[in-house]
Amino acid sequence: MATPPDTNAFEDAREIEMSQSAPETVGLIRQQLENGFGWLRFEPKLEQDFRAHNNEAGLVNRIALLAIALTVLLVSPLFDTAYFGVPEVAAWWSRGLLIGLLGPVIIAALIWCVYRSHSPITEYVITAQFAVVSVGLLGNHILLNRYGADFPIEFIGVGLVAVVALGRVRSWQILPVAVALVVLTLATEVWVVNSSPADYYHLAAAGVLALFAIYLQYANEYVLRRSWLDRQLLQLVARHDGLTGLLNRHALESALANAHAHAVRERNDYGLLMIDIDQFGAYNNHYGHPAGDDALRRVAAVIESHARRPLDVCGRYGGEEFVAFWIENDEHKLEAHAEALRAAVEQAAIPHATSNVAPVVTVSIGLCYVAQPQERDSLSAVFASADELLYDAKAQGRNRVVVGHFDRDSINEATVRKHPEARPATNG
């Protein structure tokens, strides 16, 4: 039997991936705000994210829209003969059309919205339901006209306003349907119903409602899109370090907690890396803080380039310290990956004339390898282990990676069983 997908794992991966791709997203949002979106269309990635959000945020409104429409249909028999002067014989045909045919369409759309609200085709379901119901109302208008009864054609315009207000459908989707219904309604009034000039008042009222709905749709979607961009930008900026673009301390701790919980749940081995730029104080003193900021950005870019997988995490821990989290069940691959990161920083060739380690900026890395993580494993203890390993890397001469196993059996849960080749720490 196939194993069902792990929803929690998907959510963890999505949350972490969104956090890691945020610097790029921030740039896209700012560019989109600068370019404008008068045609109600974003760049592909932003457009995809907006549609997903729109589907999720519109769930309650769409259910309310369909519930109201269904209620109106069900109570219509209470008013058709008493208030609209529908003859009894015509009333049964009208009720059969409205309740027997249109009612199931609305119920089907309602069920879809409840159980498939996140589907990308939900807004197409809403639009199709509106089109079918509108055509049904127009058919009811023709039916009642044959029996000399009046049917407020304005109901079609009211339906369009309701869909615009509550349906959360995009303008370029509802506009062709609205235009087609206006043309169909006009043709029906002129060539099928043969309305008198006095009846054109109702047609004009329906037309005004349609025009109002079209304008309202554009204005409403524009405001929704702008507020979504502003909100996304605010959330992303609040979670990311303004200098490097990586996760800031608060967001990093949250992302690491999610990643650690995922690793525990899935029993995936992982490595936590504490990364420190060697002799960065001397760099700032020699080159000045603006150059130091540029060096931080360049090192951060290298670290980010080595944390591209869906469950990878990296962020700025504070000052010149960074943290990375990699899920990897092969310890040797993890160590090789950390060594590649260290070498990439050195190969970036950022001059560091006052360093006694190398003529360029380098980093020291403490890598704590956690095998088969368990519920009782404390993330803070893993941090302490990685920090000890970073201290050892600096004590051994800097510009190196020191790897150790997390020892959950120790009394303080923060000691490390070093690799045999690691030298004991020295002063300085």
# chains A, B, ... in the order shown; residues from 1 in each chain; ligands from 1
>>> select_by_dssp(residues="stretch 272-326 of chain A", states="strand (DSSP E or B)", output="PyMOL selection string")
chain A and resi 272-277+313-318+321-326
>>> write_last_selection(atoms="C-alpha atoms", output="mmCIF file, in the first residue's frame")
data_model
loop_
_atom_site.group_PDB
_atom_site.id
_atom_site.type_symbol
_atom_site.label_atom_id
_atom_site.label_comp_id
_atom_site.auth_asym_id
_atom_site.auth_seq_id
_atom_site.Cartn_x
_atom_site.Cartn_y
_atom_site.Cartn_z
ATOM 1 C CA LEU A 272 23.740 22.762 12.566
ATOM 2 C CA LEU A 273 26.532 25.121 11.556
ATOM 3 C CA MET A 274 27.793 28.117 13.496
ATOM 4 C CA ILE A 275 29.745 30.316 11.075
ATOM 5 C CA ASP A 276 31.920 33.255 12.107
ATOM 6 C CA ILE A 277 33.950 35.642 9.942
ATOM 7 C CA VAL A 313 17.830 27.204 6.655
ATOM 8 C CA CYS A 314 20.339 30.004 6.977
ATOM 9 C CA GLY A 315 20.326 33.374 8.665
ATOM 10 C CA ARG A 316 22.308 36.057 10.425
ATOM 11 C CA TYR A 317 22.663 35.219 14.101
ATOM 12 C CA GLY A 318 24.197 38.554 15.060
ATOM 13 C CA GLU A 321 27.952 35.279 13.030
ATOM 14 C CA PHE A 322 25.698 33.183 10.817
ATOM 15 C CA VAL A 323 23.815 29.923 11.278
ATOM 16 C CA ALA A 324 22.940 27.235 8.739
ATOM 17 C CA PHE A 325 20.844 24.080 9.068
ATOM 18 C CA TRP A 326 21.126 21.219 6.608
#
>>> select_by_dssp(residues="stretch 265-372 of chain A", states="alpha helix (DSSP H)", output="ChimeraX atom specification")
/A:265-266,280-287,289-305,331-347
>>> closest_atom_pairs(of="stretch 98-202 of chain A", to="stretch 214-217 of chain A", cutoff="9 Å", atoms="only C-alpha atoms", output="tab-separated table")
residue	atom	partner	partner_atom	distance
A:Leu160	CA	A:Ile214	CA	8.5
A:Val161	CA	A:Leu216	CA	8.1
A:Val164	CA	A:Gln217	CA	5.4
A:Ala165	CA	A:Gln217	CA	7.5
A:Val169	CA	A:Gln217	CA	8.7
A:Arg170	CA	A:Gln217	CA	7.9
A:Ser171	CA	A:Gln217	CA	6.1
A:Ile174	CA	A:Ile214	CA	8.6
A:Leu175	CA	A:Ile214	CA	7.0
A:Ala178	CA	A:Ile214	CA	7.9
>>> write_last_selection(atoms="N, CA, C and O atoms", output="short mmCIF file (atom, residue, chain, number, x, y, z; two decimals), in the first residue's frame")
data_model
loop_
_atom_site.label_atom_id
_atom_site.label_comp_id
_atom_site.auth_asym_id
_atom_site.auth_seq_id
_atom_site.Cartn_x
_atom_site.Cartn_y
_atom_site.Cartn_z
N LEU A 160 -24.57 40.06 -10.74
CA LEU A 160 -23.21 40.42 -11.12
C LEU A 160 -22.54 41.23 -10.02
O LEU A 160 -21.35 41.01 -9.70
N VAL A 161 -23.28 42.16 -9.42
CA VAL A 161 -22.72 42.94 -8.31
C VAL A 161 -22.35 42.01 -7.15
O VAL A 161 -21.29 42.17 -6.52
N VAL A 164 -19.14 40.13 -7.91
CA VAL A 164 -18.00 41.04 -7.83
C VAL A 164 -17.65 41.32 -6.37
O VAL A 164 -16.47 41.36 -6.00
N ALA A 165 -18.66 41.49 -5.54
CA ALA A 165 -18.42 41.85 -4.14
C ALA A 165 -17.91 40.68 -3.31
O ALA A 165 -17.07 40.86 -2.43
N VAL A 169 -13.26 36.73 -7.79
CA VAL A 169 -12.77 36.31 -9.10
C VAL A 169 -12.04 37.48 -9.74
O VAL A 169 -12.32 38.64 -9.45
N ARG A 170 -11.11 37.19 -10.61
CA ARG A 170 -10.30 38.23 -11.24
C ARG A 170 -11.06 38.93 -12.36
O ARG A 170 -11.92 38.34 -13.00
N SER A 171 -10.72 40.19 -12.57
CA SER A 171 -11.44 41.02 -13.55
C SER A 171 -11.40 40.43 -14.95
O SER A 171 -12.42 40.41 -15.65
N ILE A 174 -14.00 37.58 -15.14
CA ILE A 174 -15.43 37.87 -15.06
C ILE A 174 -15.87 38.82 -16.16
O ILE A 174 -17.04 38.81 -16.58
N LEU A 175 -14.96 39.66 -16.68
CA LEU A 175 -15.34 40.67 -17.67
C LEU A 175 -15.92 40.07 -18.94
O LEU A 175 -16.99 40.51 -19.40
N ALA A 178 -19.39 38.90 -18.17
CA ALA A 178 -20.32 40.01 -17.95
C ALA A 178 -20.73 40.65 -19.27
O ALA A 178 -21.92 40.94 -19.49
#
>>> atom_distance(atom1="atom CA of A:Thr127", atom2="atom CA of A:His202")
24.3 Å
>>> residues_around(residues="A:Val363", least_positions_apart="6", cutoff="12 Å", atoms="only C-alpha atoms", output="compact mmCIF listing (two decimals) with all heavy atoms, in the first residue's frame")
# COMPACT_ATOMS: atom_id res chain seq x y z
N LEU A 273 25.25 24.46 11.74
CA LEU A 273 26.53 25.12 11.56
C LEU A 273 26.52 26.50 12.20
O LEU A 273 25.61 27.29 11.95
CB LEU A 273 26.85 25.30 10.07
CG LEU A 273 27.11 24.07 9.21
CD1 LEU A 273 25.80 23.38 8.84
CD2 LEU A 273 27.87 24.46 7.94
N MET A 274 27.52 26.76 13.02
CA MET A 274 27.79 28.12 13.50
C MET A 274 28.96 28.65 12.67
O MET A 274 30.03 28.02 12.61
CB MET A 274 28.14 28.11 14.98
CG MET A 274 26.99 27.72 15.89
SD MET A 274 25.71 29.00 16.00
CE MET A 274 26.58 30.28 16.87
N ILE A 275 28.77 29.76 12.02
CA ILE A 275 29.75 30.32 11.07
C ILE A 275 30.15 31.71 11.54
O ILE A 275 29.28 32.55 11.82
CB ILE A 275 29.14 30.40 9.65
CG1 ILE A 275 28.56 29.04 9.25
CG2 ILE A 275 30.17 30.89 8.65
CD1 ILE A 275 27.61 29.12 8.07
N ASP A 276 31.44 31.95 11.63
CA ASP A 276 31.92 33.26 12.11
C ASP A 276 33.01 33.77 11.16
O ASP A 276 33.91 33.02 10.78
CB ASP A 276 32.47 33.12 13.53
CG ASP A 276 32.81 34.47 14.14
OD1 ASP A 276 31.88 35.15 14.62
OD2 ASP A 276 34.00 34.84 14.14
N ILE A 277 32.92 35.05 10.80
CA ILE A 277 33.95 35.64 9.94
C ILE A 277 35.19 35.89 10.79
O ILE A 277 35.12 36.52 11.86
CB ILE A 277 33.46 36.96 9.32
CG1 ILE A 277 32.21 36.70 8.47
CG2 ILE A 277 34.55 37.59 8.47
CD1 ILE A 277 31.64 37.95 7.83
N ASP A 278 36.32 35.42 10.34
CA ASP A 278 37.56 35.51 11.11
C ASP A 278 38.06 36.95 11.20
O ASP A 278 38.15 37.66 10.17
CB ASP A 278 38.64 34.63 10.47
CG ASP A 278 38.27 33.15 10.52
OD1 ASP A 278 37.66 32.73 11.53
OD2 ASP A 278 38.57 32.42 9.55
N GLN A 279 38.35 37.37 12.42
CA GLN A 279 38.97 38.67 12.70
C GLN A 279 38.24 39.82 12.00
O GLN A 279 38.85 40.68 11.38
CB GLN A 279 40.45 38.63 12.29
CG GLN A 279 41.24 37.57 13.06
CD GLN A 279 42.72 37.55 12.70
OE1 GLN A 279 43.12 37.98 11.64
NE2 GLN A 279 43.53 37.01 13.62
N PHE A 280 36.92 39.80 12.15
CA PHE A 280 36.13 40.83 11.46
C PHE A 280 36.26 42.19 12.13
O PHE A 280 36.11 43.22 11.46
CB PHE A 280 34.67 40.39 11.42
CG PHE A 280 33.82 41.22 10.50
CD1 PHE A 280 34.02 41.18 9.13
CD2 PHE A 280 32.84 42.07 11.00
CE1 PHE A 280 33.26 41.95 8.27
CE2 PHE A 280 32.07 42.84 10.15
CZ PHE A 280 32.28 42.79 8.78
N ALA A 295 31.33 43.50 2.99
CA ALA A 295 31.90 42.16 3.19
C ALA A 295 30.86 41.22 3.80
O ALA A 295 30.75 40.05 3.41
CB ALA A 295 33.13 42.25 4.10
N LEU A 296 30.07 41.72 4.75
CA LEU A 296 29.01 40.91 5.34
C LEU A 296 28.01 40.45 4.28
O LEU A 296 27.58 39.30 4.27
CB LEU A 296 28.30 41.70 6.43
CG LEU A 296 28.99 41.79 7.79
CD1 LEU A 296 28.26 42.78 8.69
CD2 LEU A 296 29.05 40.42 8.46
N VAL A 299 29.65 37.70 2.06
CA VAL A 299 29.73 36.42 2.76
C VAL A 299 28.33 35.81 2.89
O VAL A 299 28.14 34.60 2.69
CB VAL A 299 30.37 36.59 4.15
CG1 VAL A 299 30.25 35.30 4.96
CG2 VAL A 299 31.84 36.99 4.00
N ALA A 300 27.35 36.65 3.22
CA ALA A 300 25.97 36.16 3.34
C ALA A 300 25.48 35.57 2.03
O ALA A 300 24.77 34.55 2.02
CB ALA A 300 25.05 37.30 3.79
N VAL A 302 27.26 34.07 -0.20
CA VAL A 302 27.88 32.75 -0.36
C VAL A 302 27.15 31.72 0.50
O VAL A 302 26.85 30.61 0.05
CB VAL A 302 29.37 32.81 0.03
CG1 VAL A 302 29.98 31.40 0.04
CG2 VAL A 302 30.15 33.70 -0.93
N ILE A 303 26.84 32.10 1.74
CA ILE A 303 26.14 31.18 2.63
C ILE A 303 24.77 30.83 2.06
O ILE A 303 24.36 29.67 2.05
CB ILE A 303 26.01 31.79 4.04
CG1 ILE A 303 27.40 31.96 4.67
CG2 ILE A 303 25.12 30.93 4.93
CD1 ILE A 303 27.39 32.73 5.98
N GLU A 320 28.88 39.33 13.08
CA GLU A 320 29.47 38.62 11.96
C GLU A 320 29.24 37.11 12.06
O GLU A 320 29.91 36.34 11.40
CB GLU A 320 30.97 38.90 11.89
CG GLU A 320 31.79 38.35 13.04
CD GLU A 320 31.90 39.32 14.22
OE1 GLU A 320 31.06 40.25 14.31
OE2 GLU A 320 32.82 39.15 15.04
N GLU A 321 28.26 36.69 12.87
CA GLU A 321 27.95 35.28 13.03
C GLU A 321 26.71 34.89 12.22
O GLU A 321 25.72 35.63 12.19
CB GLU A 321 27.72 34.94 14.51
CG GLU A 321 28.99 34.78 15.31
CD GLU A 321 28.70 34.14 16.66
OE1 GLU A 321 27.65 34.46 17.26
OE2 GLU A 321 29.52 33.33 17.11
N PHE A 322 26.80 33.72 11.60
CA PHE A 322 25.70 33.18 10.82
C PHE A 322 25.41 31.75 11.27
O PHE A 322 26.27 31.10 11.87
CB PHE A 322 26.03 33.20 9.32
CG PHE A 322 26.35 34.56 8.78
CD1 PHE A 322 27.64 35.07 8.84
CD2 PHE A 322 25.35 35.34 8.21
CE1 PHE A 322 27.94 36.32 8.35
CE2 PHE A 322 25.64 36.61 7.71
CZ PHE A 322 26.93 37.10 7.78
N ALA A 338 30.00 21.60 4.10
CA ALA A 338 30.50 22.69 4.94
C ALA A 338 31.87 23.16 4.47
O ALA A 338 32.17 24.36 4.45
CB ALA A 338 30.56 22.22 6.40
N GLU A 339 32.70 22.22 4.08
CA GLU A 339 34.03 22.58 3.58
C GLU A 339 33.93 23.36 2.28
O GLU A 339 34.70 24.31 2.05
CB GLU A 339 34.87 21.31 3.37
CG GLU A 339 36.25 21.54 2.78
CD GLU A 339 37.12 22.46 3.63
OE1 GLU A 339 36.96 22.48 4.87
OE2 GLU A 339 37.95 23.18 3.04
N ALA A 340 32.97 22.99 1.43
CA ALA A 340 32.76 23.73 0.17
C ALA A 340 32.32 25.16 0.46
O ALA A 340 32.73 26.10 -0.23
CB ALA A 340 31.71 23.01 -0.68
N LEU A 341 31.50 25.34 1.49
CA LEU A 341 31.08 26.70 1.87
C LEU A 341 32.28 27.52 2.34
O LEU A 341 32.46 28.67 1.93
CB LEU A 341 30.02 26.61 2.97
CG LEU A 341 29.26 27.89 3.35
CD1 LEU A 341 27.95 27.54 4.05
CD2 LEU A 341 30.08 28.79 4.28
N ARG A 342 33.09 26.91 3.21
CA ARG A 342 34.28 27.62 3.70
C ARG A 342 35.20 28.02 2.55
O ARG A 342 35.68 29.16 2.48
CB ARG A 342 35.03 26.73 4.70
CG ARG A 342 36.25 27.41 5.32
CD ARG A 342 37.33 26.42 5.69
NE ARG A 342 37.84 25.69 4.52
CZ ARG A 342 38.70 26.21 3.65
NH1 ARG A 342 39.14 27.46 3.79
NH2 ARG A 342 39.11 25.49 2.63
N ALA A 343 35.42 27.08 1.63
CA ALA A 343 36.30 27.36 0.50
C ALA A 343 35.71 28.44 -0.40
O ALA A 343 36.45 29.27 -0.95
CB ALA A 343 36.54 26.08 -0.29
N ALA A 344 34.39 28.44 -0.55
CA ALA A 344 33.75 29.43 -1.42
C ALA A 344 33.92 30.84 -0.86
O ALA A 344 34.11 31.80 -1.62
CB ALA A 344 32.27 29.11 -1.58
N VAL A 345 33.87 30.99 0.46
CA VAL A 345 34.12 32.30 1.07
C VAL A 345 35.54 32.75 0.79
O VAL A 345 35.80 33.90 0.42
CB VAL A 345 33.83 32.27 2.58
CG1 VAL A 345 34.26 33.58 3.23
CG2 VAL A 345 32.35 32.00 2.85
N GLU A 346 36.48 31.84 0.95
CA GLU A 346 37.88 32.17 0.69
C GLU A 346 38.09 32.52 -0.78
O GLU A 346 38.83 33.47 -1.12
CB GLU A 346 38.78 31.00 1.10
CG GLU A 346 40.26 31.32 1.04
CD GLU A 346 41.11 30.21 1.64
OE1 GLU A 346 40.56 29.12 1.89
OE2 GLU A 346 42.32 30.43 1.84
N GLN A 347 37.43 31.78 -1.66
CA GLN A 347 37.58 32.02 -3.10
C GLN A 347 36.89 33.30 -3.56
O GLN A 347 37.17 33.79 -4.66
CB GLN A 347 37.03 30.82 -3.87
CG GLN A 347 37.88 29.57 -3.72
CD GLN A 347 37.18 28.31 -4.18
OE1 GLN A 347 36.08 28.38 -4.73
NE2 GLN A 347 37.79 27.15 -3.95
N ALA A 348 36.01 33.85 -2.71
CA ALA A 348 35.39 35.14 -3.06
C ALA A 348 36.44 36.25 -3.09
O ALA A 348 36.21 37.32 -3.66
CB ALA A 348 34.29 35.47 -2.07
N ILE A 350 37.80 38.42 -0.91
CA ILE A 350 37.55 39.73 -0.32
C ILE A 350 38.81 40.12 0.45
O ILE A 350 39.16 39.46 1.44
CB ILE A 350 36.34 39.69 0.63
CG1 ILE A 350 35.12 39.10 -0.09
CG2 ILE A 350 36.02 41.07 1.18
CD1 ILE A 350 33.96 38.76 0.83
N HIS A 352 41.66 41.14 2.94
CA HIS A 352 41.71 41.34 4.39
C HIS A 352 43.19 41.46 4.78
O HIS A 352 43.83 40.51 5.21
CB HIS A 352 41.05 40.15 5.09
CG HIS A 352 40.80 40.38 6.56
ND1 HIS A 352 41.37 41.41 7.28
CD2 HIS A 352 40.03 39.69 7.45
CE1 HIS A 352 40.96 41.36 8.52
NE2 HIS A 352 40.15 40.32 8.67
N SER A 355 44.51 40.42 8.43
CA SER A 355 44.28 39.07 8.95
C SER A 355 45.59 38.30 9.00
O SER A 355 46.41 38.36 8.08
CB SER A 355 43.29 38.32 8.05
OG SER A 355 43.19 36.96 8.43
N VAL A 357 45.40 35.10 9.23
CA VAL A 357 44.96 33.79 8.77
C VAL A 357 45.20 33.64 7.28
O VAL A 357 45.74 32.64 6.80
CB VAL A 357 43.46 33.57 9.09
CG1 VAL A 357 42.99 32.20 8.59
CG2 VAL A 357 43.20 33.73 10.58
N LEU A 390 32.70 25.67 17.02
CA LEU A 390 33.19 26.90 16.41
C LEU A 390 34.39 27.44 17.20
O LEU A 390 35.38 27.90 16.61
CB LEU A 390 32.07 27.95 16.36
CG LEU A 390 32.46 29.35 15.88
CD1 LEU A 390 33.00 29.30 14.45
CD2 LEU A 390 31.27 30.31 15.97
N ALA A 393 37.34 25.48 16.26
CA ALA A 393 37.85 25.86 14.93
C ALA A 393 38.71 27.10 15.02
O ALA A 393 39.76 27.21 14.36
CB ALA A 393 36.68 26.07 13.97
N LYS A 394 38.30 28.05 15.85
CA LYS A 394 39.09 29.27 16.01
C LYS A 394 40.38 28.97 16.77
O LYS A 394 41.45 29.50 16.44
CB LYS A 394 38.26 30.32 16.75
CG LYS A 394 37.15 30.94 15.91
CD LYS A 394 36.37 31.95 16.70
CE LYS A 394 35.44 32.74 15.79
NZ LYS A 394 36.17 33.60 14.83
N GLY A 397 43.26 27.61 14.69
CA GLY A 397 43.89 28.45 13.68
C GLY A 397 42.94 29.15 12.73
O GLY A 397 43.39 29.85 11.82
N ARG A 398 41.62 28.94 12.89
CA ARG A 398 40.60 29.59 12.06
C ARG A 398 40.65 29.08 10.60
O ARG A 398 41.48 28.28 10.24
CB ARG A 398 40.72 31.11 12.10
CG ARG A 398 40.50 31.73 13.49
CD ARG A 398 40.52 33.25 13.42
NE ARG A 398 40.11 33.84 14.69
CZ ARG A 398 40.91 34.08 15.70
NH1 ARG A 398 42.21 33.79 15.59
NH2 ARG A 398 40.45 34.61 16.82
N ASN A 399 39.71 29.59 9.82
CA ASN A 399 39.59 29.21 8.40
C ASN A 399 39.53 27.69 8.25
O ASN A 399 40.25 27.09 7.45
CB ASN A 399 40.73 29.79 7.58
CG ASN A 399 40.47 29.62 6.07
OD1 ASN A 399 39.32 29.49 5.64
ND2 ASN A 399 41.53 29.60 5.28
N ARG A 400 38.65 27.06 9.03
CA ARG A 400 38.53 25.61 8.97
C ARG A 400 37.15 25.19 9.46
O ARG A 400 36.41 25.98 10.05
CB ARG A 400 39.62 24.94 9.78
CG ARG A 400 39.51 25.15 11.28
CD ARG A 400 40.76 24.70 11.97
NE ARG A 400 41.91 25.49 11.49
CZ ARG A 400 43.11 24.97 11.28
NH1 ARG A 400 43.34 23.70 11.51
NH2 ARG A 400 44.09 25.73 10.84
N VAL A 401 36.83 23.93 9.21
CA VAL A 401 35.58 23.32 9.67
C VAL A 401 35.92 22.27 10.71
O VAL A 401 36.77 21.40 10.47
CB VAL A 401 34.81 22.66 8.51
CG1 VAL A 401 33.54 21.98 9.02
CG2 VAL A 401 34.48 23.67 7.43
N VAL A 402 35.30 22.36 11.88
CA VAL A 402 35.44 21.32 12.91
C VAL A 402 34.07 20.69 13.09
O VAL A 402 33.07 21.38 13.32
CB VAL A 402 35.95 21.90 14.24
CG1 VAL A 402 35.89 20.84 15.34
CG2 VAL A 402 37.37 22.41 14.08
>>> residues_around(residues="stretch 28-43 of chain A", least_positions_apart="3", cutoff="9 Å", atoms="only C-alpha atoms", output="PyMOL selection string")
chain A and resi 23-25+46-48+50+170-172+218+221-222+225-226+229-230+232-233
>>> write_last_selection(atoms="N, CA and C atoms", output="PDB file, in the first residue's frame")
ATOM      1  N   PRO A  23      14.466  37.158   0.091  1.00  0.00           N
ATOM      2  CA  PRO A  23      15.182  38.289  -0.505  1.00  0.00           C
ATOM      3  C   PRO A  23      14.846  38.488  -1.978  1.00  0.00           C
ATOM      4  N   GLU A  24      14.758  37.398  -2.716  1.00  0.00           N
ATOM      5  CA  GLU A  24      14.375  37.503  -4.132  1.00  0.00           C
ATOM      6  C   GLU A  24      12.945  38.014  -4.265  1.00  0.00           C
ATOM      7  N   THR A  25      12.056  37.525  -3.390  1.00  0.00           N
ATOM      8  CA  THR A  25      10.659  37.955  -3.448  1.00  0.00           C
ATOM      9  C   THR A  25      10.516  39.428  -3.113  1.00  0.00           C
ATOM     10  N   LEU A  46       4.791  36.188  -8.586  1.00  0.00           N
ATOM     11  CA  LEU A  46       3.887  36.930  -7.708  1.00  0.00           C
ATOM     12  C   LEU A  46       2.434  36.636  -8.056  1.00  0.00           C
ATOM     13  N   GLU A  47       2.139  36.516  -9.338  1.00  0.00           N
ATOM     14  CA  GLU A  47       0.770  36.228  -9.767  1.00  0.00           C
ATOM     15  C   GLU A  47       0.307  34.883  -9.221  1.00  0.00           C
ATOM     16  N   GLN A  48       1.172  33.904  -9.274  1.00  0.00           N
ATOM     17  CA  GLN A  48       0.828  32.579  -8.757  1.00  0.00           C
ATOM     18  C   GLN A  48       0.552  32.640  -7.257  1.00  0.00           C
ATOM     19  N   PHE A  50      -0.322  35.287  -5.510  1.00  0.00           N
ATOM     20  CA  PHE A  50      -1.518  36.088  -5.251  1.00  0.00           C
ATOM     21  C   PHE A  50      -2.785  35.273  -5.484  1.00  0.00           C
ATOM     22  N   ARG A 170     -11.107  37.188 -10.613  1.00  0.00           N
ATOM     23  CA  ARG A 170     -10.300  38.233 -11.236  1.00  0.00           C
ATOM     24  C   ARG A 170     -11.065  38.932 -12.358  1.00  0.00           C
ATOM     25  N   SER A 171     -10.716  40.189 -12.574  1.00  0.00           N
ATOM     26  CA  SER A 171     -11.437  41.017 -13.547  1.00  0.00           C
ATOM     27  C   SER A 171     -11.401  40.431 -14.947  1.00  0.00           C
ATOM     28  N   TRP A 172     -10.207  39.958 -15.366  1.00  0.00           N
ATOM     29  CA  TRP A 172     -10.088  39.458 -16.732  1.00  0.00           C
ATOM     30  C   TRP A 172     -10.810  38.137 -16.923  1.00  0.00           C
ATOM     31  N   TYR A 218     -12.959  46.143 -11.029  1.00  0.00           N
ATOM     32  CA  TYR A 218     -11.607  46.637 -11.282  1.00  0.00           C
ATOM     33  C   TYR A 218     -11.027  47.302 -10.036  1.00  0.00           C
ATOM     34  N   GLU A 221     -10.349  44.716  -7.192  1.00  0.00           N
ATOM     35  CA  GLU A 221      -9.182  43.868  -7.401  1.00  0.00           C
ATOM     36  C   GLU A 221      -7.894  44.668  -7.291  1.00  0.00           C
ATOM     37  N   TYR A 222      -7.910  45.903  -7.775  1.00  0.00           N
ATOM     38  CA  TYR A 222      -6.703  46.732  -7.681  1.00  0.00           C
ATOM     39  C   TYR A 222      -6.318  46.933  -6.214  1.00  0.00           C
ATOM     40  N   ARG A 225      -4.962  43.683  -4.726  1.00  0.00           N
ATOM     41  CA  ARG A 225      -3.596  43.402  -5.173  1.00  0.00           C
ATOM     42  C   ARG A 225      -2.590  44.323  -4.474  1.00  0.00           C
ATOM     43  N   ARG A 226      -2.933  45.609  -4.371  1.00  0.00           N
ATOM     44  CA  ARG A 226      -2.009  46.546  -3.740  1.00  0.00           C
ATOM     45  C   ARG A 226      -1.828  46.221  -2.254  1.00  0.00           C
ATOM     46  N   LEU A 229       0.412  43.134  -1.909  1.00  0.00           N
ATOM     47  CA  LEU A 229       1.823  43.452  -2.108  1.00  0.00           C
ATOM     48  C   LEU A 229       2.408  44.152  -0.884  1.00  0.00           C
ATOM     49  N   ASP A 230       1.686  45.148  -0.360  1.00  0.00           N
ATOM     50  CA  ASP A 230       2.176  45.892   0.805  1.00  0.00           C
ATOM     51  C   ASP A 230       2.326  44.976   2.010  1.00  0.00           C
ATOM     52  N   GLN A 232       2.700  41.648   2.033  1.00  0.00           N
ATOM     53  CA  GLN A 232       3.793  40.694   1.821  1.00  0.00           C
ATOM     54  C   GLN A 232       5.143  41.354   2.051  1.00  0.00           C
ATOM     55  N   LEU A 233       5.298  42.571   1.528  1.00  0.00           N
ATOM     56  CA  LEU A 233       6.570  43.277   1.676  1.00  0.00           C
ATOM     57  C   LEU A 233       6.859  43.564   3.148  1.00  0.00           C
TER      58      LEU A 233
END
>>> residues_around(residues="A:Arg267", least_positions_apart="5", cutoff="9 Å", atoms="only C-alpha atoms", output="list in words")
His262, Ala371, Gln372, Pro373 and Gln374 of chain A
>>> write_last_selection(atoms="C-alpha atoms", output="PDB file, in the first residue's frame")
ATOM      1  CA  HIS A 262      10.548  18.278  11.121  1.00  0.00           C
ATOM      2  CA  ALA A 371      22.063  11.569  14.173  1.00  0.00           C
ATOM      3  CA  GLN A 372      18.506  10.233  14.490  1.00  0.00           C
ATOM      4  CA  PRO A 373      17.150  13.270  16.368  1.00  0.00           C
ATOM      5  CA  GLN A 374      14.716  12.545  19.171  1.00  0.00           C
TER       6      GLN A 374
END
>>> atom_distance(atom1="atom CA of A:Glu123", atom2="atom CA of A:Leu97")
24.6 Å
>>> atom_distance(atom1="atom CA of A:Val133", atom2="atom CA of A:Leu102")
6.0 Å
>>> residues_around(residues="stretch 281-285 of chain A", least_positions_apart="6", cutoff="9 Å", atoms="only C-alpha atoms", output="number ranges by chain")
A: 291-293, 352-355, 361
>>> closest_residue(among="A:Ala395, A:Val193, A:Ile121, A:Ile63", to="A:Ala149", atoms="only C-alpha atoms")
A:Val193
>>> closest_residue(among="A:Ala213, A:Val370, A:Asp407, A:Arg308", to="A:Ala263", atoms="only C-alpha atoms")
A:Val370
>>> residues_around(residues="A:Leu184", least_positions_apart="2", cutoff="12 Å", atoms="only C-alpha atoms", output="list in words")
Ala131, Ser134, Val135, Leu137, Leu138, Gly139, Ile156, Val177, Ala178, Val179, Ala180, Leu181, Val182, Leu186, Ala187, Thr188, Glu189, Val190, Trp191, Val192, Val193, Leu203 and Gly207 of chain A
